[in-house]
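Peer 1: Dropping in query28.txt, which is compact mmCIF, C-alpha atoms:
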```
# COMPACT_ATOMS: atom_id res chain seq x y z
CA MET A 46 0.00 0.00 0.00
CA GLU A 47 2.75 2.37 1.11
CA ASN A 48 4.74 1.39 -1.97
CA LYS A 49 1.87 2.28 -4.29
CA LYS A 50 1.51 5.66 -2.60
CA VAL A 51 5.18 6.39 -3.11
CA GLU A 52 5.09 5.28 -6.71
CA ASN A 53 2.09 7.58 -7.31
CA LYS A 54 4.01 10.41 -5.72
CA LEU A 55 6.84 9.82 -8.15
CA VAL A 56 4.68 10.10 -11.27
CA PRO A 57 5.20 13.86 -11.71
CA TYR A 58 8.94 13.39 -11.27
CA GLN A 59 8.97 10.66 -13.88
CA LYS A 60 7.27 12.99 -16.31
CA GLN A 61 9.69 15.77 -15.42
CA ALA A 62 12.65 13.43 -15.84
CA GLY A 63 11.45 12.51 -19.34
CA LEU A 64 10.90 16.13 -20.31
CA LEU A 65 14.26 17.26 -18.96
CA LEU A 66 16.04 14.44 -20.78
CA GLU A 67 14.35 15.52 -24.01
CA GLU A 68 15.46 19.09 -23.35
CA ALA A 69 19.02 17.98 -22.58
CA ASN A 70 19.11 16.00 -25.79
CA ALA A 71 17.81 18.93 -27.81
CA LEU A 72 20.30 21.42 -26.36
CA THR A 73 22.95 22.87 -28.66
CA ILE A 74 25.35 25.28 -27.06
CA LYS A 75 27.07 27.59 -29.49
CA THR A 76 26.20 31.02 -28.11
CA GLU A 77 26.08 32.73 -24.76
CA VAL A 78 22.28 32.83 -24.92
CA GLU A 79 22.25 29.09 -25.41
CA ILE A 80 24.59 28.42 -22.47
CA LYS A 81 22.36 30.58 -20.28
CA LYS A 82 19.35 28.53 -21.36
CA ALA A 83 21.36 25.37 -20.66
CA SER A 84 22.11 26.70 -17.16
CA ASP A 85 18.38 26.92 -16.46
CA VAL A 86 17.74 23.39 -17.65
CA PHE A 87 20.73 22.21 -15.60
CA SER A 88 19.35 23.92 -12.46
CA GLU A 89 16.01 22.24 -12.94
CA VAL A 90 17.70 18.83 -13.33
CA ILE A 91 19.68 19.33 -10.12
CA SER A 92 16.67 20.61 -8.12
CA ALA A 93 14.53 17.67 -9.20
CA GLN A 94 17.32 15.28 -8.25
CA GLU A 95 17.64 16.87 -4.82
CA LYS A 96 13.90 16.63 -4.17
CA ILE A 97 13.85 12.99 -5.16
CA GLN A 98 16.87 12.29 -3.00
CA VAL A 99 15.07 13.79 0.00
CA GLU A 100 12.06 11.59 -0.72
CA LYS A 101 14.28 8.54 -0.98
CA GLU A 102 16.05 9.38 2.28
CA ARG A 103 12.71 9.84 4.05
CA LEU A 104 11.55 6.46 2.82
CA THR A 105 14.70 4.53 3.54
CA ALA A 106 15.43 6.09 6.95
CA PRO A 107 13.34 3.53 8.94
CA ALA A 108 15.05 0.67 7.07
CA ARG A 109 18.42 2.19 7.90
CA GLU A 110 17.39 2.50 11.52
CA ILE A 111 16.49 -1.21 11.61
CA LEU A 112 19.76 -2.05 9.92
CA ASP A 113 21.73 0.04 12.41
CA TRP A 114 19.92 -1.62 15.31
CA ALA A 115 20.46 -5.12 13.84
CA ASN A 116 24.13 -4.39 13.25
CA GLY A 117 24.48 -3.17 16.83
CA VAL A 118 22.88 -6.29 18.25
CA PHE A 119 24.25 -8.93 15.92
CA ASN A 120 27.69 -7.70 14.90
CA PRO A 121 29.40 -8.10 18.29
CA LEU A 122 28.05 -11.65 18.45
CA ILE A 123 29.19 -12.42 14.90
CA ALA A 124 32.56 -10.87 15.70
CA LYS A 125 32.98 -13.24 18.66
CA PHE A 126 32.29 -16.25 16.46
CA LYS A 127 34.59 -14.90 13.77
CA PHE A 128 37.34 -14.43 16.34
CA SER A 129 36.99 -18.08 17.44
CA GLU A 130 37.04 -19.14 13.79
CA ARG A 131 40.23 -17.20 13.13
CA LEU A 132 41.84 -18.45 16.33
CA ILE A 133 41.18 -22.11 15.50
CA LYS A 134 42.27 -21.61 11.89
CA SER A 135 45.53 -20.03 12.95
CA LYS A 136 46.25 -22.83 15.48
CA MET A 137 45.47 -25.45 12.85
CA LEU A 138 47.71 -23.79 10.29
CA ASP A 139 50.51 -23.56 12.86
CA PHE A 140 50.23 -27.28 13.51
CA ASP A 141 50.04 -28.04 9.81
CA LYS A 142 53.11 -25.92 9.10
CA LYS A 143 55.10 -27.70 11.84
CA GLN A 144 54.06 -31.09 10.50
CA GLU A 145 54.90 -30.04 6.96
CA ASP A 146 58.33 -28.78 7.98
CA LYS A 147 59.01 -32.01 9.86
CA ASN A 148 57.87 -34.07 6.86
CA LYS A 149 59.95 -31.98 4.48
CA LYS A 150 63.04 -32.67 6.56
CA LYS A 151 62.30 -36.41 6.61
CA LEU A 152 61.64 -36.36 2.87
CA ALA A 153 64.87 -34.48 2.17
CA LYS A 154 66.85 -37.05 4.18
CA ILE A 155 65.27 -39.94 2.29
CA ALA A 156 65.82 -38.17 -1.04
CA GLU A 157 69.47 -37.74 -0.12
CA LYS A 158 69.80 -41.45 0.54
CA VAL A 159 68.10 -42.23 -2.79
CA ALA A 160 70.43 -39.84 -4.61
CA GLU A 161 73.43 -41.51 -2.99
CA GLY A 162 72.10 -44.92 -3.96
CA LYS A 163 71.79 -46.02 -0.33
CA ILE A 164 68.13 -46.96 -0.75
CA ASP A 165 66.10 -47.58 -3.89
CA ILE A 166 63.02 -45.75 -5.03
CA ASP A 167 60.66 -48.57 -4.03
CA LYS A 168 61.85 -48.57 -0.45
CA ALA A 169 61.77 -44.77 -0.37
CA SER A 170 58.28 -44.73 -1.82
CA LYS A 171 56.99 -46.88 1.04
CA LYS A 172 58.85 -44.85 3.67
CA ILE A 173 57.40 -41.55 2.51
CA GLU A 174 53.83 -42.73 2.19
CA ASP A 175 52.64 -40.41 4.98
CA LEU A 176 54.88 -37.48 4.17
CA ALA A 177 52.76 -35.87 1.45
CA PRO A 178 51.14 -32.58 2.50
CA VAL A 179 47.86 -33.26 4.31
CA LYS A 180 44.84 -31.95 2.43
CA SER A 181 42.18 -32.44 5.09
CA TYR A 182 41.55 -33.35 8.72
CA ALA A 183 38.36 -34.93 10.01
CA GLY A 184 36.97 -34.96 13.53
CA ASP A 185 33.91 -36.87 14.74
CA ILE A 186 31.40 -34.26 13.71
CA GLY A 187 33.19 -32.16 11.17
CA GLY A 188 36.21 -31.87 8.97
CA VAL A 189 38.42 -29.18 7.55
CA GLN A 190 40.10 -28.79 4.23
CA ILE A 191 43.51 -27.20 3.84
CA ARG A 192 43.37 -24.98 0.81
CA GLN A 193 46.42 -23.73 -0.99
CA ASN A 194 46.12 -20.26 -2.39
CA ARG A 195 48.89 -19.15 -4.66
CA LYS A 196 50.02 -15.71 -3.62
CA PRO A 197 52.91 -13.74 -5.09
CA VAL A 198 55.33 -12.16 -2.65
CA ILE A 199 57.68 -9.45 -3.92
CA THR A 200 61.13 -10.29 -2.62
CA ASP A 201 63.12 -7.58 -4.41
CA LEU A 202 61.25 -4.55 -5.64
CA SER A 203 64.31 -3.22 -7.46
CA LYS A 204 64.27 -6.23 -9.78
CA LEU A 205 60.58 -5.95 -10.58
CA PRO A 206 59.98 -5.03 -14.27
CA ARG A 207 58.43 -1.63 -14.81
CA LYS A 208 55.15 -3.01 -16.17
CA TYR A 209 54.28 -4.35 -12.70
CA LEU A 210 54.74 -1.01 -10.95
CA LYS A 211 51.60 1.05 -10.33
CA PRO A 212 51.95 4.83 -9.77
CA ASP A 213 50.81 6.10 -6.35
CA SER A 214 48.24 8.65 -7.57
CA THR A 215 47.48 9.95 -4.07
CA LEU A 216 51.11 10.72 -3.28
CA ILE A 217 51.62 12.24 -6.74
CA ARG A 218 48.60 14.48 -6.22
CA GLN A 219 49.68 15.54 -2.71
CA ASP A 220 53.25 16.35 -3.80
CA LEU A 221 52.13 18.19 -6.92
CA PHE A 222 49.78 20.35 -4.86
CA LYS A 223 52.68 21.10 -2.52
CA GLY A 224 54.50 22.43 -5.54
CA ILE A 225 56.99 19.59 -5.87
CA LYS A 226 58.03 18.94 -9.46
CA ILE A 227 57.75 15.31 -10.42
CA PRO A 228 59.46 14.19 -13.66
CA GLY A 229 56.95 12.65 -16.05
CA VAL A 230 53.97 14.32 -14.41
CA GLU A 231 52.30 17.64 -15.19
CA LEU A 232 49.38 19.39 -13.53
CA ILE A 233 46.43 20.05 -15.80
CA ILE A 234 43.15 21.76 -15.02
CA GLU A 235 40.05 19.75 -15.74
CA LYS A 236 36.81 21.75 -15.70
CA THR A 237 33.51 20.44 -14.35
CA ILE A 238 30.07 22.02 -14.03
CA ALA A 239 28.28 22.54 -10.72
CA LYS A 240 25.02 24.24 -9.84
CA LYS A 241 25.52 27.80 -8.60
CA ARG A 242 24.14 28.20 -5.09
CA ALA A 243 21.96 31.20 -4.46
CA MET B 190 57.47 -63.07 -12.16
CA LYS B 191 53.91 -62.11 -11.29
CA ASN B 192 52.25 -59.80 -13.78
CA VAL B 193 50.79 -57.11 -11.54
CA MET B 194 48.96 -55.54 -14.47
CA GLN B 195 46.91 -58.65 -15.15
CA GLY B 196 43.22 -57.83 -15.33
CA MET B 197 43.97 -54.17 -15.88
CA PRO B 198 43.33 -52.14 -19.03
CA ARG B 199 46.97 -51.47 -19.89
CA GLU B 200 50.29 -53.14 -19.26
CA HIS B 201 51.71 -49.96 -17.79
CA ILE B 202 50.68 -46.98 -15.76
CA SER B 203 51.13 -43.83 -17.81
CA TRP B 204 50.67 -40.14 -17.16
CA SER B 205 47.52 -40.03 -19.27
CA GLN B 206 45.98 -42.76 -17.11
CA ILE B 207 46.90 -40.97 -13.89
CA SER B 208 45.60 -37.62 -15.11
CA SER B 209 42.41 -39.15 -16.49
CA LEU B 210 41.79 -40.81 -13.13
CA LYS B 211 42.50 -37.55 -11.34
CA TRP B 212 40.09 -35.72 -13.62
CA SER B 213 37.26 -38.18 -12.95
CA VAL B 214 36.84 -41.89 -12.39
CA GLU B 215 34.06 -41.91 -14.98
CA SER B 216 36.34 -40.39 -17.61
CA TYR B 217 38.98 -43.05 -16.82
CA LYS B 218 36.40 -45.82 -17.10
CA GLN B 219 35.16 -44.63 -20.47
CA SER B 220 38.62 -44.03 -21.92
CA TYR B 221 40.58 -47.00 -20.61
CA ILE B 222 38.16 -49.72 -19.54
CA TYR B 223 35.57 -49.28 -22.29
CA ASN B 224 37.84 -47.76 -24.93
CA LYS B 225 35.44 -44.94 -25.65
CA ARG B 226 38.06 -42.31 -26.18
CA GLN B 227 36.63 -39.45 -28.17
CA ASP B 228 38.67 -37.54 -30.66
CA SER B 229 38.41 -33.80 -30.41
CA PRO B 230 39.69 -31.01 -32.66
CA TYR B 231 42.21 -30.23 -29.90
CA LEU B 232 43.59 -33.77 -30.02
CA THR B 233 43.70 -33.79 -33.82
CA LEU B 234 45.75 -30.59 -33.92
CA GLY B 235 47.93 -31.84 -31.06
CA LYS B 236 48.65 -35.09 -32.87
CA ALA B 237 49.50 -33.32 -36.14
CA PHE B 238 51.84 -31.02 -34.25
CA ALA B 239 53.49 -33.90 -32.37
CA GLU B 240 54.12 -35.68 -35.66
CA ALA B 241 55.58 -32.55 -37.19
CA MET B 242 57.93 -32.23 -34.24
CA GLU B 243 58.99 -35.85 -34.42
CA PHE B 244 59.72 -35.78 -38.14
CA ARG B 245 61.31 -32.38 -38.58
CA ASP B 246 62.08 -32.94 -42.28
CA LYS B 247 58.58 -34.00 -43.14
CA LYS B 248 56.61 -31.50 -45.18
CA VAL B 249 53.75 -30.18 -43.12
CA PRO B 250 51.02 -27.58 -43.70
CA LYS B 251 52.27 -24.02 -43.43
CA TYR B 252 50.28 -23.26 -40.27
CA ILE B 253 52.15 -26.02 -38.46
CA ASP B 254 55.50 -25.20 -40.03
CA VAL B 255 55.30 -21.58 -38.81
CA VAL B 256 55.04 -22.88 -35.24
CA ARG B 257 57.60 -25.67 -35.70
CA ARG B 258 60.26 -23.21 -36.84
CA GLN B 259 60.04 -21.40 -33.51
CA ILE B 260 61.11 -24.51 -31.59
CA PRO B 261 64.68 -25.86 -31.66
CA ASP B 262 65.45 -29.34 -32.90
CA PHE B 263 66.71 -31.94 -30.43
CA PRO B 264 68.84 -35.04 -31.08
CA GLU B 265 66.43 -37.67 -29.72
CA LYS B 266 62.73 -37.71 -30.42
CA GLU B 267 59.74 -39.70 -29.20
CA VAL B 268 61.85 -41.61 -26.69
CA GLU B 269 60.14 -44.53 -24.97
CA MET B 270 60.99 -44.73 -21.26
CA LYS B 271 60.03 -47.63 -19.06
CA SER B 272 60.53 -48.37 -15.41
CA ASP B 273 58.58 -49.56 -12.38
CA VAL B 274 57.59 -48.50 -8.90
CA GLY B 275 57.32 -51.40 -6.47
CA GLY B 276 56.79 -53.72 -9.42
CA ILE B 277 54.13 -51.49 -11.06
CA PRO B 278 55.33 -50.88 -14.61
CA ILE B 279 55.35 -47.27 -15.70
CA LEU B 280 55.71 -45.91 -19.20
CA GLY B 281 56.28 -42.53 -20.73
CA TYR B 282 57.33 -41.05 -24.05
CA TYR B 283 59.58 -38.01 -24.04
CA ASP B 284 58.66 -35.83 -27.00
CA ALA B 285 62.35 -35.07 -27.33
CA MET B 286 65.55 -35.25 -25.34
CA ASP B 287 69.23 -34.57 -25.41
CA ILE B 288 70.90 -37.37 -23.47
CA LYS B 289 74.31 -35.66 -23.47
CA LYS B 290 72.84 -32.56 -21.85
CA GLY B 291 70.52 -34.46 -19.52
CA LEU B 292 67.61 -32.59 -21.08
CA ILE B 293 63.98 -33.71 -21.32
CA VAL B 294 61.70 -31.83 -23.70
CA GLU B 295 57.92 -31.82 -23.88
CA PHE B 296 55.74 -30.13 -26.50
CA LYS B 297 52.27 -28.93 -25.70
CA THR B 298 49.44 -27.32 -27.60
CA GLY B 299 46.37 -25.77 -26.03
CA GLN B 300 44.62 -22.57 -25.16
CA LYS B 301 45.84 -22.34 -21.59
CA VAL B 302 48.84 -23.21 -19.47
CA SER B 303 47.90 -26.28 -17.46
CA PRO B 304 49.01 -26.96 -13.88
CA SER B 305 48.89 -30.69 -14.71
CA TRP B 306 51.98 -30.37 -16.94
CA ARG B 307 54.11 -30.48 -13.82
CA GLY B 308 52.69 -33.87 -12.87
CA GLN B 309 53.58 -35.31 -16.25
CA LEU B 310 57.10 -33.91 -16.06
CA THR B 311 57.49 -35.30 -12.55
CA LEU B 312 56.70 -38.76 -13.92
CA TYR B 313 59.22 -38.15 -16.71
CA SER B 314 61.83 -37.16 -14.12
CA LEU B 315 61.16 -40.39 -12.24
CA LEU B 316 61.63 -42.39 -15.46
CA TYR B 317 64.85 -40.51 -16.10
CA PHE B 318 66.14 -41.11 -12.59
CA GLN B 319 65.43 -44.80 -12.75
CA ASN B 320 66.99 -45.20 -16.16
CA TYR B 321 70.07 -43.03 -15.67
CA ASN B 322 70.51 -43.08 -11.88
CA LYS B 323 70.42 -39.30 -11.72
CA MET B 324 67.93 -36.50 -12.09
CA PRO B 325 67.59 -34.70 -15.43
CA LYS B 326 69.69 -31.54 -15.59
CA GLU B 327 67.01 -29.61 -17.40
CA ILE B 328 63.34 -30.01 -18.23
CA ARG B 329 61.94 -27.81 -20.94
CA LEU B 330 58.40 -27.44 -22.19
CA TYR B 331 57.41 -25.66 -25.38
CA TRP B 332 53.83 -24.50 -25.49
CA ALA B 333 52.29 -23.64 -28.85
CA LYS B 334 49.24 -21.62 -27.93
CA THR B 335 46.02 -22.37 -29.78
CA LYS B 336 42.83 -20.40 -30.13
CA LYS B 337 39.44 -20.64 -31.79
CA ASN B 338 39.14 -18.70 -35.05
CA SER B 339 36.01 -16.98 -36.33
CA ASN B 340 34.84 -20.28 -37.86
CA ASP B 341 35.13 -21.95 -34.44
CA GLN B 342 38.13 -23.99 -35.59
CA ILE B 343 41.12 -24.65 -33.35
CA VAL B 344 44.18 -22.94 -34.82
CA PHE B 345 47.64 -21.88 -33.64
CA SER B 346 48.24 -18.37 -32.34
CA LYS B 347 51.03 -17.91 -34.87
CA ASP B 348 53.77 -16.19 -32.91
CA ASP B 349 52.88 -17.53 -29.54
CA VAL B 350 55.29 -20.33 -28.72
CA ARG B 351 56.59 -20.10 -25.17
CA GLU B 352 59.39 -21.93 -23.47
CA PHE B 353 59.07 -23.00 -19.84
CA LYS B 354 61.84 -24.45 -17.72
CA PHE B 355 60.89 -26.71 -14.84
CA TYR B 356 62.87 -27.57 -11.75
CA ILE B 357 61.55 -30.74 -10.16
CA PRO B 358 63.42 -31.90 -7.05
CA LEU B 359 63.92 -35.55 -6.18
CA GLU B 360 61.63 -35.08 -3.16
CA GLU B 361 58.73 -34.27 -5.49
CA VAL B 362 59.56 -37.27 -7.63
CA LEU B 363 59.51 -39.51 -4.57
CA LEU B 364 56.14 -38.18 -3.49
CA PHE B 365 54.89 -38.88 -6.99
CA THR B 366 55.74 -42.57 -6.61
CA VAL B 367 53.11 -42.68 -3.85
CA GLU B 368 50.59 -41.20 -6.29
CA ILE B 369 51.48 -43.89 -8.82
CA ARG B 370 50.88 -46.63 -6.27
CA LYS B 371 47.59 -45.04 -5.26
CA ALA B 372 46.51 -44.74 -8.90
CA TYR B 373 47.42 -48.39 -9.49
CA LYS B 374 45.35 -49.47 -6.47
CA LYS B 375 42.41 -47.36 -7.56
CA ILE B 376 42.47 -48.74 -11.12
CA LYS B 377 42.67 -52.29 -9.82
CA GLU B 378 39.71 -51.74 -7.49
CA LEU B 379 37.76 -50.04 -10.26
CA CYS B 380 38.31 -52.97 -12.64
CA GLU B 381 37.30 -55.47 -9.98
CA TYR B 382 34.17 -53.49 -9.23
CA GLU B 383 33.22 -53.21 -12.90
CA ARG B 384 33.85 -56.93 -13.38
CA MET B 385 31.62 -57.73 -10.42
CA GLN B 386 28.88 -55.58 -11.93
CA PHE B 387 29.11 -56.56 -15.59
CA GLY B 388 31.10 -59.80 -15.77
CA SER B 389 34.05 -59.57 -18.10
CA LEU B 390 35.56 -56.31 -19.32
CA PRO B 391 36.45 -55.50 -22.97
CA PHE B 392 40.15 -56.23 -22.44
CA ASP B 393 39.65 -59.56 -20.60
CA LYS B 394 40.84 -62.48 -22.67
```
Kindly return the structure encoded in the file as structure tokens.

Peer 2:
Amino acid sequence: MENKKVENKLVPYQKQAGLLLEEANALTIKTEVEIKKASDVFSEVISAQEKIQVEKERLTAPAREILDWANGVFNPLIAKFKFSERLIKSKMLDFDKKQEDKNKKKLAKIAEKVAEGKIDIDKASKKIEDLAPVKSYAGDIGGVQIRQNRKPVITDLSKLPRKYLKPDSTLIRQDLFKGIKIPGVELIIEKTIAKKRA
Amino acid sequence: MKNVMQGMPREHISWSQISSLKWSVESYKQSYIYNKRQDSPYLTLGKAFAEAMEFRDKKVPKYIDVVRRQIPDFPEKEVEMKSDVGGIPILGYYDAMDIKKGLIVEFKTGQKVSPSWRGQLTLYSLLYFQNYNKMPKEIRLYWAKTKKNSNDQIVFSKDDVREFKFYIPLEEVLLFTVEIRKAYKKIKELCEYERMQFGSLPFDK
């Protein structure tokens, strides 16, 4: 019911939006008179937008209030669970890492013996049966999977080819505004239009 | 000596069997137990390319020749390598090699780099180790990139041949032997299960 009322209230704005779009399409700006006319149309577009925004805010405020309340009540609880989740994960990964390191050492020793011809591959193969990285652990009521995400780590930035370096636009902007000259960068002025406040 | 491959689809375990099994048991069953391997345009192009690489002097269509010229020639081609792990026979074919340099070479076609290439090259390293009592000094893979053209045909991306060098430590090779034994066990169980369900299998004599 409320929705229908709101939609009905929007009908004049929909008409206005259509008309203003037609006007914007039809605009040609080659003279000062025409840019003045365009300014009027522009003002109307902005005013209509502002009115609609107010309407939207009025309508969505109660929903936001509910959301704020729900966040206040639920988020601390969720955060507690999340903390436990992270804690267990980190302890599990610690254990897994220790096991993996231990297994790697054992594997390296066996590989050394194979390379020296002290034991053959068959014997080694049986000895290392349990040394492969563990992919999952299962308890009585639940199990976990150990996922491997490939993640690049930059070990020497100075060796990194140029194509992988991204300029720090924020720092460039800050330094330029301070008047610092940066080779390869120049300051240009980009114009935008804004509604003139009365 | 007991033939451990008796009652199994092949006399050896190969990389293609292991990877097919890894991909899906159903795909393994269809390809190896029931011989329902389907040819695809990818395979056809791959085979033509492999043949062109094996017989470097053979006249081949220009679109293959353009790619072949970008890859060096190697002294030994299509080298059969056999060995066994705990009595399980394993087989592999090096696309090319240079025995003097301890170099194994593999050629690949396809649209994307595949993480499974490493598995195949690990098996090849194992074969090398067992045949020469040392690890290969170098493992190289040449990838001729393919793409679909506007007619939906698989073609080579002309100037897109890339060389990859692999370093596979003995530790990884050893771990792979466990995978081979697991694959063997799985295939054996699969064949027994299928036999129980349907009686004899196509390759049973």

Peer 1: Could you give me, as a PyMOL selection string, the residues within 12 Å of Ser208 of chain B, counting all atoms listed in the file and dropping anything in the same chain fewer than 3 positions from it?

Peer 2: chain B and resi 202-205+211-214+216-217+220-221+303-309+312+368-369+372

Peer 1: Measuring between only C-alpha atoms, which one of A:Ile233, A:Leu65, A:Leu132, A:Val78 shows the shortest distance to Arg218 of chain A?

Peer 2: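 The shortest atom-to-atom distance to Arg218 of chain A comes from A:Ile233.
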
Peer 1: How would you write as a list in words the residues that get within 9 Å of (56.6, -51.2, -8.1) in the file's frame, counting all atoms listed in the file?

Peer 2: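 In the file's frame, the residues around the point are Ile166 and Asp167 of chain A; Val193, Ser272, Asp273, Val274, Gly275, Gly276, Ile277, Pro278, Ile279, Thr366, Ile369 and Arg370 of chain B.
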
Peer 1: Residues of chain A within 10 Å of chain B: nearest atom pair and distance (Å, one decimal) for each, counting only C-alpha atoms, sorted by chain and number, as a tab-separated table?

Peer 2:
```
residue	atom	partner	partner_atom	distance
A:Lys149	CA	B:Glu360	CA	8.4
A:Lys151	CA	B:Glu360	CA	9.9
A:Leu152	CA	B:Glu360	CA	6.2
A:Ala153	CA	B:Glu360	CA	6.3
A:Lys154	CA	B:Glu360	CA	9.2
A:Ile155	CA	B:Glu360	CA	8.2
A:Ala156	CA	B:Glu360	CA	5.6
A:Glu157	CA	B:Leu359	CA	8.5
A:Val159	CA	B:Leu359	CA	8.6
A:Ala160	CA	B:Lys323	CA	7.1
A:Glu161	CA	B:Asn322	CA	9.5
A:Gly162	CA	B:Asn322	CA	8.3
A:Asp165	CA	B:Gln319	CA	9.3
A:Ile166	CA	B:Leu363	CA	7.2
A:Asp167	CA	B:Gly275	CA	5.0
A:Lys168	CA	B:Gly275	CA	8.0
A:Ala169	CA	B:Leu363	CA	7.1
A:Ser170	CA	B:Thr366	CA	5.8
A:Lys171	CA	B:Val367	CA	7.5
A:Lys172	CA	B:Val367	CA	9.7
A:Ile173	CA	B:Leu364	CA	7.0
A:Glu174	CA	B:Val367	CA	6.1
A:Asp175	CA	B:Val367	CA	9.1
A:Leu176	CA	B:Leu364	CA	7.8
A:Ala177	CA	B:Leu364	CA	6.4
A:Pro178	CA	B:Leu364	CA	9.6
```

Peer 1: If I take atom CA of Asp287 of chain B and atom CA of Val302 of chain B, how far is one from the other in Å, to one decimal?

Peer 2: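 That distance, rounded to one decimal, is 24.1 Å.
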
Peer 1: When you look at Tyr58 of chain A with a cut-off of 10 Å (counting all atoms listed in the file), what residues show up, excluding the ones that are within fewer than 3 positions of it in the same chain? I need them as a PyMOL selection string.

Peer 2: chain A and resi 53-55+61-64+93-94+96-97

Peer 1: For atom CA of Arg131 of chain A and atom CA of Val189 of chain A, determine how far apart the two atoms are, in Å to one decimal place.

Peer 2: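 Calculated distance between atom CA of Arg131 of chain A and atom CA of Val189 of chain A is 13.3 Å.
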
Peer 1: Around (41.3, -56.0, -15.3), as given in the file, which residues come within 9 Å? Count all atoms listed in the file and list them as a list in words.

Peer 2: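 These residues have at least one counted atom within 9 Å: Met194, Gln195, Gly196, Met197, Pro198, Arg199, Ile222, Ile376, Lys377, Leu379, Cys380, Glu381, Glu383, Arg384, Ser389, Leu390, Phe392 and Asp393 of chain B.
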
Peer 1: Restrict the selected residues to C-alpha atoms and save them as a tab-separated table (two decimals), keeping the file's coordinate frame.

Peer 2:
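Below is the file that was written, out_39.tsv:
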```tsv
chain	number	residue	atom	x	y	z
B	194	MET	CA	48.96	-55.54	-14.47
B	195	GLN	CA	46.91	-58.65	-15.15
B	196	GLY	CA	43.22	-57.83	-15.33
B	197	MET	CA	43.97	-54.17	-15.88
B	198	PRO	CA	43.33	-52.14	-19.03
B	199	ARG	CA	46.97	-51.47	-19.89
B	222	ILE	CA	38.16	-49.72	-19.54
B	376	ILE	CA	42.47	-48.74	-11.12
B	377	LYS	CA	42.67	-52.29	-9.82
B	379	LEU	CA	37.76	-50.04	-10.26
B	380	CYS	CA	38.31	-52.97	-12.64
B	381	GLU	CA	37.30	-55.47	-9.98
B	383	GLU	CA	33.22	-53.21	-12.90
B	384	ARG	CA	33.85	-56.93	-13.38
B	389	SER	CA	34.05	-59.57	-18.10
B	390	LEU	CA	35.56	-56.31	-19.32
B	392	PHE	CA	40.15	-56.23	-22.44
B	393	ASP	CA	39.65	-59.56	-20.60
```

Peer 1: B:Glu267, B:Asp228, B:Glu240, B:Asp349: which is nearest Lys334 of chain B, counting only C-alpha atoms?

Peer 2: B:Asp349

Peer 1: Which distance in Å separates atom CA of Ile217 of chain A and atom CA of Leu232 of chain A, to one decimal?

Peer 2: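 Separation of atom CA of Ile217 of chain A and atom CA of Leu232 of chain A: 10.1 Å.
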
Peer 1: Leaving out Leu138 of chain A and any residue of its chain fewer than 4 positions from it, which residues lie within 12 Å of it when counting all atoms listed in the file, given as a PyMOL selection string?

Peer 2: chain A and resi 131-134+142-146+179-182+189-193
